[in-house]
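Containing mmCIF, C-alpha atoms: work_6.cif.
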data_query
#
loop_
_atom_site.label_atom_id
_atom_site.label_comp_id
_atom_site.auth_asym_id
_atom_site.auth_seq_id
_atom_site.Cartn_x
_atom_site.Cartn_y
_atom_site.Cartn_z
CA MET A 1 166.40 101.96 165.70
CA GLY A 2 168.97 104.27 167.24
CA ILE A 3 170.19 107.77 166.59
CA THR A 4 170.79 109.04 163.07
CA MET A 5 172.89 112.14 162.51
CA SER A 6 174.27 113.67 159.37
CA ALA A 7 176.44 116.58 158.35
CA SER A 8 176.42 115.75 154.66
CA THR A 9 175.41 119.17 153.35
CA PRO A 10 177.41 119.80 150.13
CA PRO A 11 180.03 122.55 150.24
CA PRO A 12 178.96 126.05 149.13
CA THR A 13 179.90 127.01 145.60
CA SER A 14 182.12 129.82 146.84
CA GLY A 15 184.33 127.38 148.75
CA GLU A 16 183.93 129.54 151.87
CA PRO A 17 182.98 127.67 155.06
CA THR A 18 179.58 128.65 156.49
CA ALA A 19 177.32 127.56 159.33
CA ALA A 20 175.32 125.52 156.81
CA GLY A 21 178.10 123.37 155.36
CA PRO A 22 181.82 122.47 155.38
CA GLY A 23 184.35 124.25 153.25
CA ALA A 24 186.28 121.07 152.47
CA SER A 25 187.29 120.49 148.87
CA ALA A 26 185.70 117.56 147.04
CA ASP A 27 189.18 116.05 146.40
CA LEU A 28 190.36 116.26 150.02
CA PRO A 29 191.54 112.80 151.20
CA THR A 30 189.12 111.26 153.70
CA LEU A 31 188.71 107.99 155.59
CA LEU A 32 185.44 106.15 156.15
CA VAL A 33 185.70 104.36 159.50
CA LYS A 34 182.99 101.73 160.04
CA ILE A 35 182.47 100.03 163.41
CA PHE A 36 179.92 97.26 163.94
CA GLY A 37 179.02 94.65 166.54
CA LYS A 38 177.18 94.32 169.86
CA ASP A 39 176.11 97.70 171.23
CA ARG A 40 177.18 98.92 174.65
CA PRO A 41 177.66 102.34 176.29
CA GLY A 42 180.81 104.23 175.36
CA ILE A 43 181.42 102.98 171.82
CA THR A 44 181.01 106.36 170.11
CA ALA A 45 183.16 108.13 172.68
CA GLY A 46 185.78 105.37 172.46
CA LEU A 47 186.08 105.59 168.68
CA PHE A 48 186.50 109.36 168.65
CA ASP A 49 188.93 109.29 171.58
CA THR A 50 191.01 106.90 169.46
CA LEU A 51 190.79 109.13 166.37
CA ALA A 52 191.57 112.30 168.34
CA ALA A 53 195.23 111.32 168.62
CA TYR A 54 195.58 111.73 164.84
CA SER A 55 194.32 115.33 164.44
CA VAL A 56 191.45 114.40 162.11
CA ASP A 57 188.30 116.46 161.56
CA VAL A 58 184.82 114.95 161.54
CA VAL A 59 183.04 115.33 158.19
CA ASP A 60 180.01 113.07 158.76
CA ILE A 61 178.62 110.61 161.32
CA GLU A 62 175.93 107.96 161.02
CA GLN A 63 174.93 105.65 163.85
CA VAL A 64 172.15 103.05 163.91
CA VAL A 65 171.28 100.50 166.59
CA THR A 66 168.98 97.61 165.68
CA ARG A 67 168.16 94.80 168.11
CA GLY A 68 171.27 95.53 170.16
CA ARG A 69 173.67 95.67 167.20
CA ILE A 70 175.42 98.92 166.37
CA VAL A 71 176.67 100.21 163.03
CA LEU A 72 178.71 103.40 163.49
CA CYS A 73 180.20 105.18 160.47
CA ALA A 74 182.54 108.15 160.79
CA LEU A 75 183.81 110.06 157.75
CA VAL A 76 186.96 111.95 158.79
CA THR A 77 189.75 113.85 157.10
CA ALA A 78 192.93 111.88 156.48
CA PRO A 79 195.62 112.20 159.20
CA PRO A 80 198.92 113.98 158.53
CA PRO A 81 201.22 112.25 156.01
CA GLY A 82 202.79 109.07 157.25
CA MET A 83 200.25 108.49 160.05
CA GLU A 84 197.45 106.67 158.21
CA GLY A 85 198.94 103.22 158.76
CA ASP A 86 199.31 103.84 162.48
CA LEU A 87 195.70 105.16 162.65
CA ARG A 88 194.40 102.03 160.96
CA ALA A 89 196.29 99.73 163.30
CA THR A 90 195.18 101.65 166.39
CA VAL A 91 191.50 101.69 165.39
CA HIS A 92 191.53 97.95 164.65
CA SER A 93 193.28 97.27 167.97
CA TRP A 94 190.74 99.37 169.90
CA ALA A 95 187.81 97.69 168.12
CA GLU A 96 189.18 94.23 168.93
CA SER A 97 189.61 95.22 172.59
CA VAL A 98 185.90 95.98 172.89
CA LYS A 99 184.85 92.94 170.80
CA LEU A 100 183.83 94.95 167.73
CA GLN A 101 184.82 94.80 164.08
CA ALA A 102 186.30 97.70 162.14
CA GLU A 103 186.56 98.54 158.45
CA ILE A 104 188.46 101.57 157.12
CA ILE A 105 188.15 102.75 153.50
CA SER A 106 190.26 105.50 151.91
CA GLY A 107 188.69 107.96 149.51
CA HIS A 108 188.21 111.60 148.67
CA GLY A 109 185.72 114.26 149.68
CA ASP A 110 182.33 114.10 151.33
CA ASN A 111 179.17 112.18 150.40
CA ARG A 112 177.92 112.92 146.92
CA PRO A 113 175.32 115.72 146.93
CA ARG A 114 171.72 114.56 147.21
CA GLY A 115 169.66 114.90 144.06
CA LEU A 116 167.17 117.68 143.55
CA GLY A 117 163.70 117.00 144.88
CA ARG A 118 163.48 116.01 148.53
CA SER A 119 160.56 114.07 149.99
CA LEU A 120 159.67 112.17 153.13
CA VAL A 121 157.74 108.94 152.57
CA THR A 122 155.93 107.56 155.62
CA VAL A 123 154.69 103.97 155.42
CA LEU A 124 152.19 102.47 157.89
CA GLY A 125 151.85 98.70 157.89
CA HIS A 126 149.76 96.39 160.06
CA PRO A 127 152.01 94.45 159.61
CA LEU A 128 154.70 95.86 157.33
CA THR A 129 155.85 92.89 155.24
CA ALA A 130 159.13 92.36 153.42
CA GLU A 131 157.16 92.05 150.18
CA SER A 132 155.51 95.46 150.57
CA THR A 133 158.79 97.09 151.64
CA ALA A 134 160.51 95.72 148.54
CA ALA A 135 157.72 96.99 146.29
CA ILE A 136 157.83 100.46 147.88
CA ALA A 137 161.61 100.69 147.49
CA ALA A 138 161.37 99.56 143.87
CA CYS A 139 158.66 102.13 143.18
CA ILE A 140 160.81 104.92 144.62
CA THR A 141 163.71 103.82 142.42
CA GLY A 142 161.40 103.59 139.42
CA THR A 143 160.50 107.27 139.73
CA GLY A 144 164.19 108.22 139.68
CA GLY A 145 164.40 108.61 143.44
CA ASN A 146 167.17 107.52 145.79
CA ILE A 147 166.54 106.35 149.36
CA ASP A 148 168.99 108.33 151.51
CA ARG A 149 167.88 107.17 154.94
CA VAL A 150 165.29 104.93 156.57
CA PHE A 151 164.04 105.45 160.13
CA ARG A 152 161.44 103.62 162.19
CA LEU A 153 158.89 105.94 163.78
CA ALA A 154 156.79 103.37 165.63
CA LYS A 155 156.41 99.64 166.19
CA TYR A 156 152.85 99.73 167.58
CA PRO A 157 149.91 99.93 167.15
CA VAL A 158 151.28 99.87 163.59
CA THR A 159 154.77 99.68 162.16
CA ALA A 160 155.62 103.15 160.85
CA VAL A 161 158.75 103.74 158.79
CA GLU A 162 160.00 106.95 157.19
CA PHE A 163 162.10 107.04 154.01
CA ALA A 164 164.09 110.18 153.16
CA VAL A 165 164.11 110.33 149.36
CA SER A 166 165.95 112.60 146.93
CA GLY A 167 166.26 112.86 143.18
CA THR A 168 162.57 113.02 142.29
CA GLU A 169 159.79 115.56 142.76
CA THR A 170 157.17 115.04 145.46
CA GLU A 171 154.00 114.97 143.31
CA PRO A 172 155.00 112.24 140.83
CA LEU A 173 156.41 110.22 143.72
CA ARG A 174 153.14 110.60 145.64
CA THR A 175 151.11 109.53 142.60
CA ALA A 176 153.22 106.45 141.98
CA LEU A 177 153.21 105.35 145.62
CA ALA A 178 149.47 105.93 146.04
CA THR A 179 148.80 103.24 143.43
CA GLU A 180 151.34 100.95 145.05
CA ALA A 181 149.83 101.50 148.53
CA HIS A 182 146.38 100.42 147.40
CA ALA A 183 147.73 97.26 145.81
CA LEU A 184 149.87 96.37 148.84
CA GLY A 185 147.32 97.19 151.52
CA VAL A 186 149.57 99.68 153.34
CA ASP A 187 149.14 103.41 153.99
CA ILE A 188 151.70 105.77 152.47
CA ALA A 189 152.07 109.54 152.90
CA VAL A 190 154.47 111.60 150.79
CA VAL A 191 155.34 115.17 151.77
CA ALA A 192 157.99 117.58 150.63
CA ALA A 193 160.99 117.69 152.97
CA GLY A 194 162.17 120.99 154.39
CA LEU A 195 162.06 123.29 157.38
CA HIS A 196 158.25 123.46 157.22
CA ARG A 197 158.09 119.91 158.62
CA ARG A 198 158.93 121.34 162.05
CA ALA A 199 157.05 124.61 161.68
CA GLN A 200 153.91 125.52 163.59
CA ARG A 201 150.88 123.76 162.16
CA LEU A 202 147.12 123.65 162.32
CA VAL A 203 145.25 120.33 162.32
CA VAL A 204 141.52 120.37 161.53
CA MET A 205 139.33 117.27 161.81
CA ASP A 206 135.89 116.19 160.82
CA VAL A 207 133.89 114.93 163.81
CA ASP A 208 131.43 112.16 162.90
CA SER A 209 133.27 108.87 162.16
CA THR A 210 136.62 110.67 162.48
CA LEU A 211 137.16 112.29 165.87
CA ILE A 212 134.28 110.23 167.24
CA GLN A 213 133.00 106.77 166.31
CA ASP A 214 129.37 107.89 166.02
CA GLU A 215 127.07 109.83 163.70
CA VAL A 216 125.56 112.48 165.97
CA ILE A 217 122.32 112.83 163.99
CA GLU A 218 121.71 109.11 164.55
CA LEU A 219 122.20 109.48 168.29
CA PHE A 220 119.56 112.24 168.36
CA ALA A 221 117.28 110.17 166.13
CA ALA A 222 117.44 107.28 168.60
CA HIS A 223 116.06 109.54 171.33
CA ALA A 224 113.40 110.93 169.00
CA GLY A 225 112.32 107.46 167.87
CA CYS A 226 112.92 108.19 164.19
CA GLU A 227 116.06 106.20 163.43
CA GLU A 228 114.62 104.47 160.37
CA GLU A 229 113.31 107.72 158.87
CA VAL A 230 116.67 109.45 159.37
CA ALA A 231 118.49 106.46 157.86
CA ALA A 232 116.19 106.60 154.82
CA VAL A 233 117.07 110.27 154.21
CA THR A 234 120.77 109.49 154.62
CA THR A 235 120.49 106.69 152.06
CA ALA A 236 118.74 108.99 149.60
CA ALA A 237 121.53 111.54 150.00
CA MET A 238 124.14 108.84 149.35
CA ARG A 239 122.31 107.91 146.14
CA GLY A 240 122.62 111.52 145.05
CA GLU A 241 118.89 112.27 145.32
CA LEU A 242 119.52 115.02 147.91
CA ASP A 243 122.47 117.32 148.46
CA PHE A 244 123.93 117.73 151.94
CA GLU A 245 121.92 120.83 152.87
CA GLU A 246 118.64 119.26 151.75
CA SER A 247 119.36 116.06 153.63
CA LEU A 248 120.39 118.01 156.74
CA HIS A 249 117.14 119.98 156.83
CA ALA A 250 115.11 116.81 156.16
CA ARG A 251 116.76 114.87 158.96
CA VAL A 252 116.68 117.71 161.49
CA ALA A 253 112.96 118.22 160.76
CA LEU A 254 112.40 114.69 162.08
CA LEU A 255 113.77 115.80 165.46
CA LYS A 256 111.04 118.38 165.97
CA ASP A 257 109.68 118.54 169.56
CA LEU A 258 112.53 116.44 170.99
CA ASP A 259 113.13 117.55 174.58
CA VAL A 260 116.36 119.50 175.11
CA SER A 261 117.41 116.99 177.79
CA ALA A 262 118.39 114.71 174.89
CA VAL A 263 121.39 117.00 174.24
CA ASP A 264 123.09 116.01 177.50
CA LYS A 265 122.27 112.36 176.87
CA VAL A 266 123.84 112.46 173.41
CA ARG A 267 126.97 114.14 174.80
CA THR A 268 127.47 111.25 177.22
CA GLU A 269 126.89 108.69 174.45
CA VAL A 270 129.54 110.10 172.12
CA ARG A 271 132.51 107.71 171.84
CA LEU A 272 135.91 109.11 170.91
CA THR A 273 137.84 107.24 168.25
CA PRO A 274 140.74 105.20 169.68
CA GLY A 275 143.83 107.40 169.79
CA ALA A 276 141.88 110.67 169.59
CA ARG A 277 142.94 111.92 173.02
CA THR A 278 146.56 110.93 172.39
CA LEU A 279 146.57 112.72 169.03
CA ILE A 280 145.18 115.96 170.41
CA ARG A 281 147.21 115.90 173.63
CA THR A 282 150.46 115.32 171.72
CA LEU A 283 149.75 117.98 169.10
CA LYS A 284 148.91 120.54 171.78
CA ARG A 285 152.08 119.79 173.75
CA LEU A 286 154.10 120.30 170.55
CA GLY A 287 152.53 123.72 169.98
CA TYR A 288 150.09 122.77 167.21
CA GLN A 289 146.64 124.32 167.06
CA VAL A 290 143.75 121.89 166.66
CA GLY A 291 140.19 122.40 165.49
CA VAL A 292 137.09 120.54 164.33
CA VAL A 293 134.51 121.26 161.67
CA SER A 294 131.32 119.27 161.47
CA GLY A 295 128.13 118.85 159.55
CA GLY A 296 126.76 117.87 162.96
CA PHE A 297 125.78 120.23 165.72
CA THR A 298 127.39 122.79 168.01
CA GLN A 299 125.51 121.27 170.91
CA VAL A 300 128.06 118.44 170.68
CA THR A 301 131.14 120.10 169.14
CA ASP A 302 131.20 122.88 171.76
CA ASP A 303 131.28 120.22 174.45
CA LEU A 304 134.12 118.40 172.66
CA LYS A 305 136.04 121.65 172.32
CA GLU A 306 135.88 122.22 176.07
CA ARG A 307 136.64 118.61 177.04
CA LEU A 308 139.57 118.17 174.67
CA GLY A 309 141.04 121.69 174.82
CA LEU A 310 140.52 122.40 171.11
CA ASP A 311 141.38 125.80 169.67
CA PHE A 312 138.58 125.92 167.07
CA ALA A 313 135.19 124.31 166.58
CA HIS A 314 132.37 125.04 164.17
CA ALA A 315 129.22 123.12 163.24
CA ASN A 316 125.54 123.58 162.53
CA THR A 317 123.31 124.71 165.40
CA LEU A 318 120.05 123.03 166.35
CA GLU A 319 117.38 125.62 167.10
CA ILE A 320 115.86 125.20 170.58
CA VAL A 321 112.75 127.07 171.75
CA ASP A 322 110.99 126.59 175.09
CA GLY A 323 113.09 123.55 175.92
CA ARG A 324 112.43 121.66 172.71
CA LEU A 325 114.08 121.25 169.32
CA THR A 326 112.18 123.11 166.60
CA GLY A 327 113.33 120.83 163.77
CA ARG A 328 115.41 123.62 162.25
CA VAL A 329 119.04 124.72 162.23
CA THR A 330 120.22 128.29 162.56
CA GLY A 331 123.17 130.18 161.11
CA GLU A 332 125.62 129.28 158.37
CA ILE A 333 125.29 125.71 157.10
CA VAL A 334 128.49 123.70 157.37
CA ASP A 335 128.54 121.65 154.17
CA ARG A 336 131.33 120.42 151.90
CA ALA A 337 132.30 123.90 150.70
CA GLY A 338 131.75 125.31 154.18
CA LYS A 339 134.33 122.99 155.70
CA ALA A 340 136.99 124.24 153.29
CA ARG A 341 136.04 127.85 154.07
CA LEU A 342 136.35 127.17 157.79
CA LEU A 343 139.77 125.56 157.32
CA ARG A 344 140.95 128.74 155.62
CA ARG A 345 139.34 130.88 158.34
CA PHE A 346 140.95 128.90 161.14
CA ALA A 347 144.34 129.09 159.39
CA ALA A 348 144.06 132.87 159.06
CA GLU A 349 143.09 133.24 162.73
CA ALA A 350 145.90 130.91 163.80
CA GLY A 351 148.46 132.73 161.64
CA VAL A 352 149.39 129.47 159.89
CA PRO A 353 149.89 129.33 156.09
CA LEU A 354 147.40 127.05 154.36
CA GLU A 355 150.22 124.79 153.18
CA GLN A 356 151.03 124.16 156.85
CA THR A 357 147.57 122.81 157.61
CA VAL A 358 146.51 119.19 157.99
CA ALA A 359 142.90 118.12 157.42
CA ILE A 360 141.45 114.75 158.46
CA GLY A 361 138.09 113.36 157.36
CA ASP A 362 136.23 110.33 156.12
CA GLY A 363 133.36 111.43 153.85
CA ALA A 364 132.71 113.05 150.50
CA ASN A 365 131.71 116.28 152.25
CA ASP A 366 135.28 116.47 153.59
CA LEU A 367 136.93 116.39 150.16
CA ASP A 368 137.14 120.15 149.57
CA MET A 369 138.76 120.57 152.98
CA LEU A 370 141.17 117.67 152.41
CA ASN A 371 142.26 119.07 149.06
CA ALA A 372 142.61 122.63 150.38
CA ALA A 373 144.94 121.60 153.19
CA GLY A 374 148.68 121.17 152.86
CA LEU A 375 148.14 117.52 153.81
CA GLY A 376 144.72 115.88 153.49
CA VAL A 377 144.31 112.58 155.33
CA ALA A 378 141.41 110.24 154.53
CA PHE A 379 140.72 108.37 157.77
CA ASN A 380 139.04 104.97 157.27
CA ALA A 381 137.28 106.65 154.39
CA LYS A 382 135.14 105.52 151.51
CA PRO A 383 137.09 104.50 148.35
CA MET A 384 136.35 107.72 146.43
CA VAL A 385 137.67 109.78 149.36
CA ARG A 386 140.81 107.67 149.73
CA GLU A 387 141.58 108.08 146.05
CA ALA A 388 141.13 111.86 146.10
CA ALA A 389 143.00 112.65 149.34
CA HIS A 390 146.76 113.17 149.61
CA THR A 391 147.05 110.07 151.78
CA ALA A 392 144.91 107.58 153.66
CA VAL A 393 144.98 105.88 157.04
CA ASN A 394 143.07 102.61 157.16
CA VAL A 395 143.71 101.47 160.72
CA PRO A 396 141.28 102.37 163.55
CA PHE A 397 143.76 104.46 165.54
CA LEU A 398 143.56 108.22 165.06
CA ASP A 399 146.93 108.86 166.69
CA THR A 400 148.69 107.13 163.76
CA VAL A 401 148.31 110.50 162.00
CA LEU A 402 151.17 111.66 164.26
CA TYR A 403 153.55 109.41 162.34
CA LEU A 404 152.63 111.14 159.09
CA LEU A 405 153.93 114.33 160.73
CA GLY A 406 157.26 112.69 161.58
CA ILE A 407 156.46 112.32 165.29
CA THR A 408 157.78 109.06 166.72
CA ARG A 409 156.08 106.75 169.20
CA GLU A 410 158.92 107.40 171.64
CA GLU A 411 158.25 111.15 171.47
CA VAL A 412 154.55 110.54 172.15
CA GLU A 413 155.33 108.39 175.18
CA ALA A 414 157.94 110.85 176.48
CA ALA A 415 155.36 113.66 176.25
CA ASP A 416 152.84 111.52 178.16
CA MET A 417 155.42 110.71 180.83
CA HIS A 418 156.25 114.38 181.22
CA LEU A 419 152.54 115.17 181.49
CA ASP A 420 152.13 112.60 184.28
CA GLN A 421 154.95 114.25 186.21
CA ASP A 422 153.55 117.79 185.90
#

As structure tokens - that is how I would like this structure written.
Amino acid sequence: MGITMSASTPPPTSGEPTAAGPGASADLPTLLVKIFGKDRPGITAGLFDTLAAYSVDVVDIEQVVTRGRIVLCALVTAPPPGMEGDLRATVHSWAESVKLQAEIISGHGDNRPRGLGRSLVTVLGHPLTAESTAAIAACITGTGGNIDRVFRLAKYPVTAVEFAVSGTETEPLRTALATEAHALGVDIAVVAAGLHRRAQRLVVMDVDSTLIQDEVIELFAAHAGCEEEVAAVTTAAMRGELDFEESLHARVALLKDLDVSAVDKVRTEVRLTPGARTLIRTLKRLGYQVGVVSGGFTQVTDDLKERLGLDFAHANTLEIVDGRLTGRVTGEIVDRAGKARLLRRFAAEAGVPLEQTVAIGDGANDLDMLNAAGLGVAFNAKPMVREAAHTAVNVPFLDTVLYLLGITREEVEAADMHLDQD
């Protein structure tokens, strides 16, 4: 896709021109000039050079380029009386000279005002089919919404498309599209549009099976030779026979007397999720603050914080005495409720309102954090977590979360290129 620009803010009720919108009357004669054909440099400049001879003012511009074909729309005020015919002839002549087609439509005023309720709908498809796109558009219409603009954010590793929607409130739209997303096998995020989209944000992630591909307790268990016993406790917890704190203490107790050298070994065995470095690097370059909370252990999260340049990190701490693990943890336990508390603490320290936070996690113990955040993202999560979170990502690339924030693949690559040149 190409560049999209708009100046379609409705006129203020006072009729006075302001920096935020034109003062043109709704019944002012206007012309919609549409140019389309094969794209090449200089088309936009050529059209407005042609129009400049007729003393018209620009009311709105839209330009899109798809697979080398341009559609350029210019809404301008009508020329002085008696000059419209000459303007039409000149524009058509210019368009023909550069092998383009032109269409000019007379009318009055600006675009109609957008309806109340503004949302941004991001769709991730792998692939994004025509069938699913049709169903999404129909669902938006069914909630009373109107699609004002569509913009492609990325073409790989997934196709990511953003719909600007007006005329319906965000929450009912999100509810309707969540059901549709599950049926279609695509991921859909719905957020309220507004200035906050570009405001400073805080992103907080779970670690095990989110930031990294592993479960840290299982890596320690492999060195302690108690993998089966740890797995049995985990299974019991999943059946609801133990809560998180009970299962944590039971599993850590199995690590008693493990030599502290295992800590360094586990650190080297940790595998980052594909896209994790790109996600964090891009967020940091855009001025976001990034943190992790984990039911795992500080012996690993502190290392990740240093390696990845994270702003915040908090986890449980394995007690070590005389070079060996004691089978106990020290300090505040990071459980389901604890993760939500830490999100709020990080937000306060970062000076970011809670509604400007993004939380990412995969398990039931992440749910309080996901629901407390302004945007909770279930990453390759269990069904109950996907259903409870604001949105879900079901592809194995953590950097796709960037698209939910309105960051395009081109912006990611430009940031990486700039980083290489530093």

Selection under test: the PyMOL selection byres ((chain A and resi 124) around 7); residues as an NGL selection string: :A and (122-123 or 125-126 or 158-161 or 186-188)

Since we have the selection now, will you write its residues out, keeping C-alpha atoms, as a CSV table (one decimal), in the frame of the given file?
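In the end it all went to selection.csv:
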chain,number,residue,atom,x,y,z
A,122,THR,CA,155.9,107.6,155.6
A,123,VAL,CA,154.7,104.0,155.4
A,125,GLY,CA,151.8,98.7,157.9
A,126,HIS,CA,149.8,96.4,160.1
A,158,VAL,CA,151.3,99.9,163.6
A,159,THR,CA,154.8,99.7,162.2
A,160,ALA,CA,155.6,103.2,160.8
A,161,VAL,CA,158.8,103.7,158.8
A,186,VAL,CA,149.6,99.7,153.3
A,187,ASP,CA,149.1,103.4,154.0
A,188,ILE,CA,151.7,105.8,152.5

Resolved residues for the PyMOL selection byres ((chain A and resi 209) around 9) as a PyMOL selection string: chain A and resi 206-208+210-215+273+361-363+379-380

Pick from A:Val64, A:Val270, A:Ala78, A:Val395 nearest to A:Leu219, counting only C-alpha atoms: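 Nearest candidate to A:Leu219 out of A:Val64, A:Val270, A:Ala78, A:Val395: A:Val270.
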
Residues within 10 Å of (162.3, 104.4, 143.2), counting only C-alpha atoms, listed as JSON, numbers by chain: {"A": [135, 136, 137, 138, 139, 140, 141, 142, 143, 144, 145, 146, 147, 165, 166, 167, 168, 173, 176, 177]}

Residue contacts of stretch 38-50 of chain A (12 Å, all atoms listed in the file) excluding same-chain residues fewer than 5 positions away, as a PyMOL selection string: chain A and resi 1-3+33+55-58+61-76+86-102

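This file, filtered with the PyMOL selection byres ((chain A and resi 190) around 8), gives the residues A:Ser119, A:Leu120, A:Val121, A:Thr122, A:Thr170, A:Leu173, A:Arg174, A:Ile188, A:Ala189, A:Val191, A:Ala192, A:His390, A:Thr391.
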
Suppose we keep C-alpha atoms; can you now write the selection as an mmCIF file, in the frame of the given file?
data_model
loop_
_atom_site.group_PDB
_atom_site.id
_atom_site.type_symbol
_atom_site.label_atom_id
_atom_site.label_comp_id
_atom_site.auth_asym_id
_atom_site.auth_seq_id
_atom_site.Cartn_x
_atom_site.Cartn_y
_atom_site.Cartn_z
ATOM 1 C CA SER A 119 160.560 114.070 149.990
ATOM 2 C CA LEU A 120 159.670 112.170 153.130
ATOM 3 C CA VAL A 121 157.740 108.940 152.570
ATOM 4 C CA THR A 122 155.930 107.560 155.620
ATOM 5 C CA THR A 170 157.170 115.040 145.460
ATOM 6 C CA LEU A 173 156.410 110.220 143.720
ATOM 7 C CA ARG A 174 153.140 110.600 145.640
ATOM 8 C CA ILE A 188 151.700 105.770 152.470
ATOM 9 C CA ALA A 189 152.070 109.540 152.900
ATOM 10 C CA VAL A 191 155.340 115.170 151.770
ATOM 11 C CA ALA A 192 157.990 117.580 150.630
ATOM 12 C CA HIS A 390 146.760 113.170 149.610
ATOM 13 C CA THR A 391 147.050 110.070 151.780
#

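Take atom CA of A:Val59 and atom CA of A:Ala164: the distance between them is 20.3 Å.
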
Considering all atoms listed in the file, return as a compact mmCIF listing (two decimals) with C-alpha atoms, keeping the file's coordinate frame whatever protein or nucleic-acid residues lie within 12 Å of A:Pro29, sequence-local ones (same chain, fewer than 2 positions apart) excluded.
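File result.txt, as written:
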# COMPACT_ATOMS: atom_id res chain seq x y z
CA ALA A 24 186.28 121.07 152.47
CA SER A 25 187.29 120.49 148.87
CA ALA A 26 185.70 117.56 147.04
CA ASP A 27 189.18 116.05 146.40
CA LEU A 31 188.71 107.99 155.59
CA LEU A 32 185.44 106.15 156.15
CA VAL A 56 191.45 114.40 162.11
CA ASP A 57 188.30 116.46 161.56
CA VAL A 59 183.04 115.33 158.19
CA LEU A 75 183.81 110.06 157.75
CA VAL A 76 186.96 111.95 158.79
CA THR A 77 189.75 113.85 157.10
CA ALA A 78 192.93 111.88 156.48
CA PRO A 79 195.62 112.20 159.20
CA PRO A 80 198.92 113.98 158.53
CA PRO A 81 201.22 112.25 156.01
CA GLU A 84 197.45 106.67 158.21
CA ILE A 105 188.15 102.75 153.50
CA SER A 106 190.26 105.50 151.91
CA GLY A 107 188.69 107.96 149.51
CA HIS A 108 188.21 111.60 148.67
CA GLY A 109 185.72 114.26 149.68
CA ASP A 110 182.33 114.10 151.33

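Proximity ranking of A:Leu375, A:Ala181, A:Ala392, A:Val329 relative to A:His249 places A:Val329 first, based on all atoms listed in the file.
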
Residue among A:Val412, A:Met83, A:Val204, A:Ala276 lying closest to A:Ala53, counting all atoms listed in the file: A:Met83

May I have the residues within 7 Å of stretch 277-294 of chain A as a PDB file with C-alpha atoms, in the coordinates of the input, using all atoms listed in the file and disregarding those fewer than 3 positions away in the same chain?
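Dumped to out.pdb:
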ATOM      1  CA  GLN A 200     153.910 125.520 163.590  1.00  0.00           C
ATOM      2  CA  ARG A 201     150.880 123.760 162.160  1.00  0.00           C
ATOM      3  CA  LEU A 202     147.120 123.650 162.320  1.00  0.00           C
ATOM      4  CA  VAL A 203     145.250 120.330 162.320  1.00  0.00           C
ATOM      5  CA  VAL A 204     141.520 120.370 161.530  1.00  0.00           C
ATOM      6  CA  MET A 205     139.330 117.270 161.810  1.00  0.00           C
ATOM      7  CA  ASP A 206     135.890 116.190 160.820  1.00  0.00           C
ATOM      8  CA  VAL A 207     133.890 114.930 163.810  1.00  0.00           C
ATOM      9  CA  LEU A 310     140.520 122.400 171.110  1.00  0.00           C
ATOM     10  CA  ASP A 311     141.380 125.800 169.670  1.00  0.00           C
ATOM     11  CA  PHE A 312     138.580 125.920 167.070  1.00  0.00           C
ATOM     12  CA  ALA A 313     135.190 124.310 166.580  1.00  0.00           C
ATOM     13  CA  HIS A 314     132.370 125.040 164.170  1.00  0.00           C
ATOM     14  CA  ALA A 315     129.220 123.120 163.240  1.00  0.00           C
ATOM     15  CA  VAL A 334     128.490 123.700 157.370  1.00  0.00           C
ATOM     16  CA  LYS A 339     134.330 122.990 155.700  1.00  0.00           C
ATOM     17  CA  LEU A 398     143.560 108.220 165.060  1.00  0.00           C
ATOM     18  CA  ASP A 399     146.930 108.860 166.690  1.00  0.00           C
ATOM     19  CA  LEU A 402     151.170 111.660 164.260  1.00  0.00           C
ATOM     20  CA  VAL A 412     154.550 110.540 172.150  1.00  0.00           C
ATOM     21  CA  ALA A 415     155.360 113.660 176.250  1.00  0.00           C
TER      22      ALA A 415
END

Neighbour residues at most 12 Å from (119.1, 118.3, 154.0) (all atoms listed in the file) as JSON, numbers by chain: {"A": [217, 230, 233, 234, 235, 236, 237, 238, 240, 241, 242, 243, 244, 245, 246, 247, 248, 249, 250, 251, 252, 253, 254, 295, 296, 316, 327, 328, 329, 333, 334, 335]}

Write the residues of the preceding selection, restricted to C-alpha atoms, as a compact mmCIF listing (two decimals), in the coordinates of the input.
# COMPACT_ATOMS: atom_id res chain seq x y z
CA ILE A 217 122.32 112.83 163.99
CA VAL A 230 116.67 109.45 159.37
CA VAL A 233 117.07 110.27 154.21
CA THR A 234 120.77 109.49 154.62
CA THR A 235 120.49 106.69 152.06
CA ALA A 236 118.74 108.99 149.60
CA ALA A 237 121.53 111.54 150.00
CA MET A 238 124.14 108.84 149.35
CA GLY A 240 122.62 111.52 145.05
CA GLU A 241 118.89 112.27 145.32
CA LEU A 242 119.52 115.02 147.91
CA ASP A 243 122.47 117.32 148.46
CA PHE A 244 123.93 117.73 151.94
CA GLU A 245 121.92 120.83 152.87
CA GLU A 246 118.64 119.26 151.75
CA SER A 247 119.36 116.06 153.63
CA LEU A 248 120.39 118.01 156.74
CA HIS A 249 117.14 119.98 156.83
CA ALA A 250 115.11 116.81 156.16
CA ARG A 251 116.76 114.87 158.96
CA VAL A 252 116.68 117.71 161.49
CA ALA A 253 112.96 118.22 160.76
CA LEU A 254 112.40 114.69 162.08
CA GLY A 295 128.13 118.85 159.55
CA GLY A 296 126.76 117.87 162.96
CA ASN A 316 125.54 123.58 162.53
CA GLY A 327 113.33 120.83 163.77
CA ARG A 328 115.41 123.62 162.25
CA VAL A 329 119.04 124.72 162.23
CA ILE A 333 125.29 125.71 157.10
CA VAL A 334 128.49 123.70 157.37
CA ASP A 335 128.54 121.65 154.17
